[in-house]
file upload26.cif (mmCIF, C-alpha atoms and all ligand atoms)
data_query
loop_
_atom_site.label_atom_id
_atom_site.label_comp_id
_atom_site.auth_asym_id
_atom_site.auth_seq_id
_atom_site.Cartn_x
_atom_site.Cartn_y
_atom_site.Cartn_z
CA MET A 1 113.63 126.77 87.56
CA ARG A 2 111.76 128.72 90.18
CA LEU A 3 108.74 129.12 87.95
CA ARG A 4 108.56 125.40 87.38
CA ILE A 5 108.77 124.68 91.10
CA LEU A 6 105.95 127.09 91.79
CA SER A 7 103.91 125.73 88.97
CA THR A 8 104.08 122.21 90.36
CA SER A 9 103.28 122.99 93.94
CA LEU A 10 100.85 125.87 94.11
CA PRO A 11 98.12 124.54 91.84
CA CYS A 12 98.33 121.25 93.74
CA LEU A 13 97.63 123.20 96.89
CA ALA A 14 94.65 124.81 95.26
CA LEU A 15 93.37 121.48 94.02
CA LEU A 16 93.83 119.72 97.32
CA PHE A 17 92.98 122.23 99.99
CA LEU A 18 90.30 124.57 98.80
CA PRO A 19 86.91 122.92 99.16
CA GLY A 20 84.71 123.51 96.18
CA GLN A 21 87.63 124.54 93.99
CA PRO A 22 86.53 124.12 90.39
CA ARG A 23 88.34 121.52 88.35
CA ALA A 24 91.33 122.87 86.47
CA GLN A 25 90.30 123.69 82.95
CA GLY A 26 92.04 122.72 79.76
CA VAL A 27 94.84 124.96 78.62
CA THR A 28 95.55 126.61 75.32
CA THR A 29 99.22 125.84 74.74
CA GLY A 30 100.31 122.90 72.62
CA ALA A 31 98.06 120.91 70.33
CA PRO A 32 95.47 119.10 72.40
CA PRO A 33 93.48 116.24 70.87
CA PRO A 34 89.86 116.94 69.90
CA ALA A 35 87.59 117.49 72.87
CA GLU A 36 85.64 114.43 73.95
CA LYS A 37 83.14 113.82 76.69
CA THR A 38 84.39 112.08 79.84
CA ALA A 39 82.39 109.63 81.92
CA ASP A 40 79.63 111.87 83.23
CA THR A 41 81.05 115.33 83.68
CA GLY A 42 80.60 116.60 80.15
CA ALA A 43 83.91 118.43 80.56
CA PRO A 44 86.24 118.56 77.59
CA ALA A 45 89.30 116.33 77.86
CA THR A 46 91.86 118.66 76.44
CA ALA A 47 94.74 118.85 78.93
CA SER A 48 96.86 115.95 77.68
CA PRO A 49 99.11 116.88 74.77
CA PHE A 50 99.52 113.21 73.75
CA PRO A 51 97.15 110.63 72.30
CA PRO A 52 96.67 107.37 74.25
CA ALA A 53 99.01 104.47 73.49
CA PHE A 54 96.13 102.05 72.93
CA PRO A 55 92.34 102.20 72.64
CA GLY A 56 90.67 102.49 76.02
CA GLN A 57 93.70 103.90 77.86
CA THR A 58 91.63 106.94 78.77
CA ASN A 59 88.06 108.13 78.59
CA ALA A 60 86.45 104.67 78.87
CA PRO A 61 82.74 104.36 78.11
CA ALA A 62 80.49 105.52 80.93
CA VAL A 63 78.70 102.71 82.73
CA THR A 64 75.95 102.79 85.35
CA SER A 65 75.65 100.38 88.25
CA GLN A 66 72.37 98.51 88.52
CA THR A 67 72.98 97.89 92.22
CA ARG A 68 71.04 100.03 94.67
CA TYR A 69 72.91 101.05 97.80
CA GLN A 70 72.42 103.12 100.91
CA VAL A 71 74.93 105.23 102.78
CA THR A 72 74.89 105.44 106.57
CA THR A 73 77.02 107.64 108.79
CA ILE A 74 78.90 105.68 111.45
CA ALA A 75 80.70 108.63 113.05
CA SER A 76 81.64 112.21 112.26
CA GLY A 77 83.73 115.04 113.65
CA PHE A 78 87.07 113.81 112.33
CA ASP A 79 89.51 116.59 111.44
CA PHE A 80 90.45 115.74 107.83
CA PRO A 81 90.54 111.96 108.29
CA TRP A 82 92.79 110.03 105.90
CA ALA A 83 92.60 106.26 106.33
CA ILE A 84 90.64 103.35 107.81
CA ALA A 85 91.90 99.93 108.91
CA PHE A 86 89.88 97.10 110.44
CA LEU A 87 90.65 95.28 113.65
CA PRO A 88 89.62 91.58 113.69
CA ASP A 89 86.40 92.41 115.60
CA ARG A 90 85.39 94.95 112.90
CA ARG A 91 86.19 98.00 114.97
CA MET A 92 88.13 100.52 112.94
CA LEU A 93 91.29 102.54 113.25
CA VAL A 94 90.86 106.02 111.73
CA THR A 95 93.67 108.53 111.19
CA GLU A 96 93.44 112.31 111.17
CA LYS A 97 95.95 113.90 108.84
CA HIS A 98 96.87 117.27 110.33
CA THR A 99 96.39 116.53 114.03
CA GLY A 100 98.23 113.22 113.89
CA ASN A 101 95.45 111.64 115.97
CA LEU A 102 94.51 107.96 115.65
CA PHE A 103 91.18 106.71 116.96
CA ILE A 104 89.47 103.38 117.55
CA VAL A 105 85.86 103.53 116.31
CA THR A 106 83.19 100.91 116.89
CA GLN A 107 80.56 99.92 114.33
CA ALA A 108 78.09 101.81 116.54
CA GLY A 109 80.16 104.97 116.11
CA GLU A 110 81.74 105.17 119.57
CA LYS A 111 85.10 106.89 119.27
CA SER A 112 88.04 106.30 121.64
CA PRO A 113 90.27 109.10 122.90
CA PRO A 114 93.24 109.64 120.58
CA ILE A 115 95.64 106.72 120.98
CA ALA A 116 98.63 107.89 123.03
CA GLY A 117 102.25 107.20 122.25
CA LEU A 118 102.48 107.93 118.53
CA PRO A 119 105.47 110.03 117.49
CA PRO A 120 104.92 113.68 116.45
CA VAL A 121 104.03 114.39 112.82
CA ASP A 122 104.75 117.25 110.44
CA GLY A 123 101.09 117.97 109.78
CA ARG A 124 101.41 120.75 107.24
CA ASP A 125 99.73 120.57 103.83
CA GLN A 126 99.80 117.02 102.46
CA GLY A 127 101.85 115.62 105.35
CA GLY A 128 100.71 114.48 108.76
CA LEU A 129 99.41 111.08 109.85
CA LEU A 130 98.38 109.19 106.74
CA ASP A 131 97.70 105.47 106.32
CA VAL A 132 97.18 102.82 109.00
CA GLU A 133 97.27 99.03 108.69
CA VAL A 134 96.60 96.21 111.11
CA ALA A 135 99.22 93.44 111.15
CA PRO A 136 98.00 90.21 109.54
CA ASP A 137 98.96 88.50 112.81
CA PHE A 138 97.37 91.18 114.99
CA ALA A 139 95.44 88.62 117.06
CA THR A 140 98.72 87.44 118.55
CA SER A 141 101.14 90.35 117.89
CA ARG A 142 98.80 93.31 118.59
CA LEU A 143 100.89 95.26 116.07
CA ILE A 144 99.60 98.17 114.00
CA TYR A 145 101.49 100.17 111.35
CA TRP A 146 101.12 103.76 110.23
CA THR A 147 102.73 106.19 107.78
CA TYR A 148 103.43 109.81 108.61
CA TYR A 149 105.46 112.80 107.59
CA GLU A 150 108.28 112.78 110.13
CA PRO A 151 109.82 116.11 111.20
CA ARG A 152 113.60 115.94 110.97
CA ALA A 153 116.41 118.33 111.87
CA THR A 154 117.08 119.29 108.25
CA GLY A 155 113.61 118.80 106.74
CA ASN A 156 111.11 115.96 106.80
CA GLY A 157 110.28 112.67 105.14
CA LEU A 158 107.77 109.86 105.15
CA ALA A 159 108.27 107.23 107.85
CA VAL A 160 106.55 104.01 108.87
CA GLY A 161 105.92 103.45 112.56
CA ARG A 162 104.68 100.34 114.26
CA GLY A 163 103.71 99.48 117.78
CA LYS A 164 101.56 97.29 119.98
CA LEU A 165 98.04 98.54 120.58
CA LYS A 166 97.32 98.53 124.29
CA GLU A 167 93.61 99.05 124.94
CA GLY A 168 91.85 100.57 127.91
CA ALA A 169 90.23 103.84 128.94
CA GLN A 170 93.27 105.55 127.42
CA PRO A 171 94.50 103.34 124.56
CA ARG A 172 98.18 103.66 123.79
CA ILE A 173 101.04 102.42 121.64
CA GLU A 174 103.73 100.37 123.29
CA ALA A 175 107.02 99.02 121.91
CA LEU A 176 107.14 101.84 119.34
CA ARG A 177 109.58 101.32 116.47
CA ILE A 178 110.18 103.33 113.33
CA ILE A 179 110.75 100.57 110.78
CA PHE A 180 111.32 102.69 107.66
CA ARG A 181 112.46 106.20 106.84
CA MET A 182 112.27 107.70 103.35
CA LYS A 183 115.69 109.06 102.36
CA PRO A 184 117.19 111.47 101.59
CA THR A 185 115.75 114.05 103.96
CA LEU A 186 114.34 117.07 102.15
CA ASP A 187 112.07 119.90 103.24
CA SER A 188 108.72 119.58 101.44
CA THR A 189 105.17 119.43 102.71
CA MET A 190 103.87 118.02 99.43
CA HIS A 191 103.61 114.67 97.57
CA ALA A 192 104.16 112.37 100.51
CA GLY A 193 102.64 109.20 99.04
CA GLY A 194 102.05 107.10 102.13
CA ARG A 195 99.74 104.18 101.26
CA MET A 196 100.56 100.77 102.68
CA VAL A 197 99.48 97.30 101.55
CA PHE A 198 100.32 94.00 103.23
CA HIS A 199 100.93 91.18 100.76
CA PRO A 200 100.05 87.57 101.67
CA ASP A 201 103.76 86.72 101.30
CA GLY A 202 104.28 88.69 104.53
CA THR A 203 105.88 91.78 103.02
CA LEU A 204 104.62 95.35 103.25
CA PHE A 205 104.37 97.74 100.28
CA VAL A 206 104.69 101.47 100.99
CA THR A 207 104.18 104.18 98.36
CA LEU A 208 106.49 107.20 98.41
CA GLY A 209 105.90 110.52 96.63
CA GLU A 210 108.57 112.56 94.89
CA ARG A 211 108.06 115.61 97.13
CA SER A 212 106.73 117.89 94.35
CA ILE A 213 109.61 120.37 94.40
CA LEU A 214 112.07 119.99 91.54
CA PRO A 215 115.02 118.69 93.64
CA GLY A 216 112.74 115.80 94.62
CA ARG A 217 111.03 115.29 91.29
CA VAL A 218 114.30 114.64 89.48
CA GLN A 219 115.01 111.70 91.82
CA ALA A 220 111.85 109.75 90.93
CA ARG A 221 113.69 107.39 88.56
CA GLN A 222 117.00 107.36 90.46
CA LEU A 223 117.71 104.17 92.38
CA ASN A 224 119.78 105.93 95.05
CA SER A 225 116.67 107.77 96.29
CA HIS A 226 113.37 106.62 97.77
CA PHE A 227 111.46 109.49 96.15
CA GLY A 228 108.81 108.45 93.65
CA LYS A 229 109.09 104.75 94.51
CA THR A 230 107.11 101.86 95.82
CA VAL A 231 109.16 100.10 98.48
CA ARG A 232 108.74 96.55 99.77
CA ILE A 233 109.92 95.73 103.27
CA ASN A 234 109.49 93.04 105.88
CA PRO A 235 107.23 93.94 108.83
CA ASP A 236 110.31 94.50 111.00
CA GLY A 237 111.80 96.93 108.47
CA THR A 238 114.39 94.58 107.04
CA VAL A 239 114.73 94.11 103.28
CA PRO A 240 113.33 90.98 101.58
CA ASP A 241 116.20 89.20 99.85
CA ASP A 242 114.16 88.80 96.65
CA ASN A 243 113.62 92.54 96.13
CA PRO A 244 114.55 93.55 92.55
CA PHE A 245 117.50 95.83 93.33
CA VAL A 246 119.13 94.17 96.35
CA ASN A 247 122.24 93.31 94.32
CA ARG A 248 122.46 96.62 92.42
CA ALA A 249 125.38 98.75 93.61
CA GLY A 250 124.21 102.15 94.80
CA ALA A 251 120.52 101.26 94.75
CA ARG A 252 118.37 101.53 97.84
CA PRO A 253 117.43 97.88 98.42
CA GLU A 254 113.86 98.57 99.60
CA ILE A 255 112.85 99.75 96.10
CA PHE A 256 110.20 97.64 94.33
CA SER A 257 109.14 100.01 91.51
CA LEU A 258 110.20 103.48 90.36
CA GLY A 259 109.15 106.46 88.29
CA HIS A 260 106.04 107.44 90.27
CA ARG A 261 104.83 110.95 91.04
CA ASN A 262 102.56 110.69 94.07
CA VAL A 263 100.87 107.33 94.64
CA LEU A 264 97.93 107.86 96.96
CA SER A 265 96.02 104.67 96.16
CA ALA A 266 97.17 101.07 96.35
CA ALA A 267 95.39 97.72 96.56
CA LEU A 268 95.81 94.05 95.69
CA ASP A 269 93.56 92.29 93.20
CA GLY A 270 92.16 88.76 93.43
CA ARG A 271 95.48 87.38 92.20
CA ASN A 272 97.41 89.41 94.81
CA ARG A 273 98.88 91.73 92.19
CA LEU A 274 99.56 95.33 93.23
CA TRP A 275 97.60 98.13 91.57
CA GLU A 276 98.27 101.79 92.25
CA VAL A 277 96.73 105.10 91.28
CA GLU A 278 98.96 108.13 91.30
CA MET A 279 98.11 111.79 91.51
CA GLY A 280 99.46 113.09 88.22
CA PRO A 281 99.87 116.53 86.73
CA LEU A 282 97.04 118.20 84.79
CA GLY A 283 95.47 115.50 82.61
CA GLY A 284 97.78 112.80 83.91
CA ASP A 285 96.41 110.80 86.88
CA GLU A 286 97.41 107.17 86.25
CA LEU A 287 96.29 103.63 87.08
CA ASN A 288 99.27 101.28 87.05
CA LEU A 289 99.70 97.54 87.53
CA VAL A 290 102.89 97.63 89.57
CA GLU A 291 105.47 94.87 89.17
CA ALA A 292 108.91 94.22 90.61
CA GLY A 293 111.71 96.32 89.18
CA LYS A 294 109.58 98.21 86.67
CA ASP A 295 109.90 101.90 85.85
CA TYR A 296 106.67 103.87 85.48
CA GLY A 297 108.37 106.80 83.81
CA TRP A 298 107.76 109.93 85.88
CA PRO A 299 109.00 112.59 85.21
CA THR A 300 110.40 111.51 81.82
CA ILE A 301 107.15 110.33 80.23
CA GLY A 302 103.49 110.89 81.00
CA TYR A 303 100.25 112.19 79.58
CA GLY A 304 99.81 115.42 81.51
CA ARG A 305 101.23 118.89 81.68
CA GLU A 306 102.02 121.26 84.54
CA TYR A 307 99.02 122.78 86.28
CA SER A 308 100.25 126.07 84.84
CA GLY A 309 99.77 124.60 81.37
CA ALA A 310 103.51 124.32 80.69
CA PRO A 311 104.74 121.11 79.07
CA ILE A 312 106.57 118.49 81.16
CA HIS A 313 107.32 115.62 78.82
CA ASP A 314 108.61 115.29 75.25
CA SER A 315 106.68 112.08 74.88
CA ALA A 316 104.18 109.87 76.67
CA GLN A 317 106.14 106.74 75.78
CA GLY A 318 109.76 105.71 76.15
CA PRO A 319 112.02 102.66 76.10
CA GLY A 320 112.21 100.70 79.32
CA MET A 321 109.26 102.54 80.81
CA GLU A 322 105.78 101.20 81.48
CA GLN A 323 102.54 102.53 80.10
CA PRO A 324 99.74 103.21 82.57
CA VAL A 325 96.78 100.86 82.24
CA TYR A 326 94.61 103.99 82.25
CA PHE A 327 94.90 107.75 82.68
CA TRP A 328 92.37 110.43 83.53
CA ASP A 329 91.98 113.66 81.62
CA PRO A 330 90.54 115.68 83.32
CA VAL A 331 92.09 114.35 86.49
CA ILE A 332 90.12 112.78 89.34
CA ALA A 333 92.65 113.63 92.13
CA PRO A 334 92.76 110.08 93.57
CA SER A 335 92.63 109.16 97.25
CA GLY A 336 91.98 105.68 98.65
CA MET A 337 91.37 102.58 96.56
CA THR A 338 89.96 99.09 96.94
CA ILE A 339 89.39 96.24 94.51
CA TYR A 340 86.06 94.73 95.41
CA SER A 341 86.02 91.06 96.36
CA GLY A 342 83.04 90.89 98.72
CA ASN A 343 79.66 89.22 98.46
CA LEU A 344 77.33 92.09 99.43
CA PHE A 345 77.57 93.66 95.96
CA PRO A 346 77.85 90.81 93.42
CA GLU A 347 77.74 93.22 90.46
CA TRP A 348 80.86 94.97 91.71
CA LYS A 349 83.17 91.94 92.05
CA GLY A 350 86.54 92.73 90.56
CA ASN A 351 85.71 96.41 90.11
CA ILE A 352 88.28 98.98 91.17
CA PHE A 353 86.91 101.71 93.45
CA ILE A 354 88.91 104.92 93.84
CA GLY A 355 88.05 107.92 95.96
CA ALA A 356 88.23 111.18 94.02
CA LEU A 357 88.88 114.55 95.57
CA ALA A 358 87.88 116.25 92.32
CA GLY A 359 84.19 116.12 91.53
CA HIS A 360 83.23 114.62 94.92
CA ALA A 361 83.15 111.24 93.23
CA LEU A 362 83.68 107.60 93.93
CA VAL A 363 85.16 106.22 90.71
CA ARG A 364 84.18 102.67 89.73
CA LEU A 365 86.21 100.93 87.05
CA VAL A 366 84.94 97.80 85.34
CA MET A 367 87.97 95.76 84.29
CA LYS A 368 88.50 93.11 81.63
CA ASN A 369 91.85 91.51 80.77
CA ASP A 370 93.65 94.22 82.78
CA ARG A 371 92.05 96.99 80.75
CA VAL A 372 89.38 99.48 81.81
CA GLN A 373 86.16 98.47 80.08
CA GLY A 374 83.91 101.09 81.68
CA GLU A 375 83.97 103.91 84.18
CA GLU A 376 81.31 105.24 86.52
CA ARG A 377 81.40 108.36 88.67
CA MET A 378 79.26 107.57 91.70
CA HIS A 379 78.32 110.27 94.21
CA PRO A 380 77.52 108.50 97.48
CA VAL A 381 78.36 111.38 99.82
CA GLY A 382 76.95 114.38 98.02
CA ASN A 383 78.95 117.57 98.09
CA ALA A 384 82.12 116.34 99.83
CA ARG A 385 85.51 115.08 98.74
CA ILE A 386 86.19 111.37 99.28
CA ARG A 387 89.52 110.66 100.96
CA GLU A 388 89.31 106.92 101.55
CA VAL A 389 87.45 103.88 100.29
CA VAL A 390 88.07 100.45 101.73
CA GLN A 391 86.17 97.20 101.71
CA GLY A 392 85.11 96.06 105.17
CA PRO A 393 85.36 92.46 106.40
CA GLU A 394 81.65 91.89 105.67
CA GLY A 395 81.83 93.32 102.14
CA ALA A 396 80.45 96.81 102.75
CA LEU A 397 82.38 99.80 101.41
CA TYR A 398 83.62 102.28 104.01
CA LEU A 399 84.38 105.88 103.11
CA LEU A 400 85.94 108.95 104.71
CA THR A 401 85.14 112.50 103.66
CA ASP A 402 87.92 115.08 103.45
CA GLU A 403 86.63 118.00 105.49
CA PRO A 404 87.09 119.74 108.87
CA SER A 405 84.34 117.59 110.39
CA GLY A 406 84.97 114.52 108.29
CA ARG A 407 82.58 111.59 108.25
CA LEU A 408 83.06 107.82 108.43
CA LEU A 409 80.40 106.28 106.19
CA LYS A 410 79.29 102.82 105.14
CA MET A 411 77.74 101.73 101.82
CA THR A 412 75.50 98.66 101.99
CA PRO A 413 72.90 97.21 99.59
CA ARG A 414 69.49 98.80 99.75
CA CA B 1 103.81 106.80 84.55
#

call {"tool": "encode", "arguments": {"input": "upload26.cif", "output": "structure tokens", "more": "lines below"}}
Ligand SMILES: [Ca+2]
result
Amino acid sequence: MRLRILSTSLPCLALLFLPGQPRAQGVTTGAPPPAEKTADTGAPATASPFPPAFPGQTNAPAVTSQTRYQVTTIASGFDFPWAIAFLPDRRMLVTEKHTGNLFIVTQAGEKSPPIAGLPPVDGRDQGGLLDVEVAPDFATSRLIYWTYYEPRATGNGLAVGRGKLKEGAQPRIEALRIIFRMKPTLDSTMHAGGRMVFHPDGTLFVTLGERSILPGRVQARQLNSHFGKTVRINPDGTVPDDNPFVNRAGARPEIFSLGHRNVLSAALDGRNRLWEVEMGPLGGDELNLVEAGKDYGWPTIGYGREYSGAPIHDSAQGPGMEQPVYFWDPVIAPSGMTIYSGNLFPEWKGNIFIGALAGHALVRLVMKNDRVQGEERMHPVGNARIREVVQGPEGALYLLTDEPSGRLLKMTPR
């Protein structure tokens, strides 16, 4: 038991917090499939002990964008920034993970003082201040939303705060409310999840990790726990009456989907369907099309193994559990995600962009009929890890780098 707990958390730490850490190599236990080349790394794909369920579920053909782009730095000096959200006038909100600071940044790179009035965060490891979103009705409500690891008397847990943004020389949050708290409380600084997506139907999706440690992991498919779930709530924290488990005795009614490990990427496509990428074990990062009431299988099924090399699953498939649209082996260590719908880069329409902590890459997926047709590893920021990618209102791609003096960058056509 203890060995398994250590094996799940410590290698994650190494992967996530040591800059320049080499990618975890394939392991020698089990019977890996024959080594193949992945998109552009040349690394053998030998970690997964299971073959894909269908052709193209992993290791898609490498593609190369024909579009030329340039990358400009808008601002820098952010202490491990995590997320970007756009105000209606194209200024940005930028979070810093460990400090819990939230800034307003102009397109010219002017940075406000940290916004006052946010609640304290547990900023250790993978916790802290994570995602930020601007209310769809911000012009009238002035509301913004953020996710954070909340310190609690007996541990911690992800929470969603909201408040009115009051601007001025010292911007601040007024009318603070905590609209959601992940339950139960447990003490873990890992696998927080924390991405938010507003749906046009007015609801808010929030992704919740399973906490990494075994007492949390085993709850990922249990409906009485928020761990390892996507939840769907109204902007005031109440539960939509058409959520899939509202009439299930013992189920937490906020749950929308279950069986996730650590979803760090979430975005809507052109049909307003929810896509997520989750940080998996070794050889098991997953892209999922997430639908109401569905079970994505963690920790019962999956394609990876522990970072120690130990097996996790008896099978990669099981009754009543969904297959990922795609999995990565070797892993990419996903961060932010956007599905491109802008006009600045016509070639990229409908492509899924995912920030990758491993390999300093921006992953571009070319999709067809909800399958990955091609994959590109772009390297727009050189030797830095990408923590966030989001499409701006004008169709540019905005990035954050994951480093002590993190940068806010913009990709535009060249
Ligand atoms: Ca899964």

call {"tool": "residues_near_ligand", "arguments": {"input": "upload26.cif", "ligand": "ligand CA 1 (chain B)", "cutoff": "6 Å", "atoms": "all atoms listed in the file", "output": "VMD selection string"}}
result
chain A and resid 296 to 298 302 324

call {"tool": "atom_distance", "arguments": {"input": "upload26.cif", "atom1": "CA of Ile233 (chain A)", "atom2": "CA of Leu176 (chain A)"}}
result
17.4 Å

call {"tool": "residues_around", "arguments": {"input": "upload26.cif", "residues": "Asp187 (chain A)", "least_positions_apart": "6", "cutoff": "9 Å", "atoms": "all atoms listed in the file", "output": "ChimeraX atom specification"}}
result
/A:152,154-157,211

call {"tool": "closest_residue", "arguments": {"input": "upload26.cif", "among": "A:Asp285, A:Glu291, A:Asp314, A:Glu322", "to": "Asn243 (chain A)", "atoms": "only C-alpha atoms"}}
result
A:Glu291

call {"tool": "residues_around", "arguments": {"input": "upload26.cif", "residues": "Thr64 (chain A)", "least_positions_apart": "6", "cutoff": "12 Å", "atoms": "only C-alpha atoms", "output": "list of chain:residue names"}}
result
A:Ala39, A:Asp40, A:Glu347, A:Trp348, A:Val363, A:Arg364, A:Leu365, A:Val366, A:Gly374, A:Glu375, A:Glu376, A:Arg377, A:Met378, A:His379

call {"tool": "atom_distance", "arguments": {"input": "upload26.cif", "atom1": "CA of Gly250 (chain A)", "atom2": "CA of Asn224 (chain A)"}}
result
5.8 Å

call {"tool": "closest_residue", "arguments": {"input": "upload26.cif", "among": "A:Leu102, A:Ile74, A:Met321, A:Ile354", "to": "Ile173 (chain A)", "atoms": "only C-alpha atoms"}}
result
A:Leu102

call {"tool": "atom_distance", "arguments": {"input": "upload26.cif", "atom1": "CA of Gly128 (chain A)", "atom2": "CA of Asp79 (chain A)"}}
result
11.7 Å

call {"tool": "closest_residue", "arguments": {"input": "upload26.cif", "among": "A:Pro330, A:Gly194, A:Pro88, A:Gly342", "to": "Gly359 (chain A)", "atoms": "all atoms listed in the file"}}
result
A:Pro330

call {"tool": "closest_residue", "arguments": {"input": "upload26.cif", "among": "A:Pro235, A:Gly109, A:Pro151, A:Gly100", "to": "Phe138 (chain A)", "atoms": "all atoms listed in the file"}}
result
A:Pro235

call {"tool": "closest_residue", "arguments": {"input": "upload26.cif", "among": "A:Ser225, A:Pro380, A:Pro281, A:Asp370", "to": "Val331 (chain A)", "atoms": "all atoms listed in the file"}}
result
A:Pro281

call {"tool": "closest_residue", "arguments": {"input": "upload26.cif", "among": "A:Leu408, A:Val381, A:Ile84, A:Val121", "to": "Gln70 (chain A)", "atoms": "all atoms listed in the file"}}
result
A:Val381

call {"tool": "residues_around", "arguments": {"input": "upload26.cif", "residues": "Lys111 (chain A)", "least_positions_apart": "3", "cutoff": "12 Å", "atoms": "all atoms listed in the file", "output": "ChimeraX atom specification"}}
result
/A:74-78,91-95,101-108,114-115,169-171,408

call {"tool": "residues_around", "arguments": {"input": "upload26.cif", "residues": "Ile332 (chain A)", "least_positions_apart": "5", "cutoff": "10 Å", "atoms": "all atoms listed in the file", "output": "PyMOL selection string"}}
result
chain A and resi 23+279-280+282-286+327+354-363+377
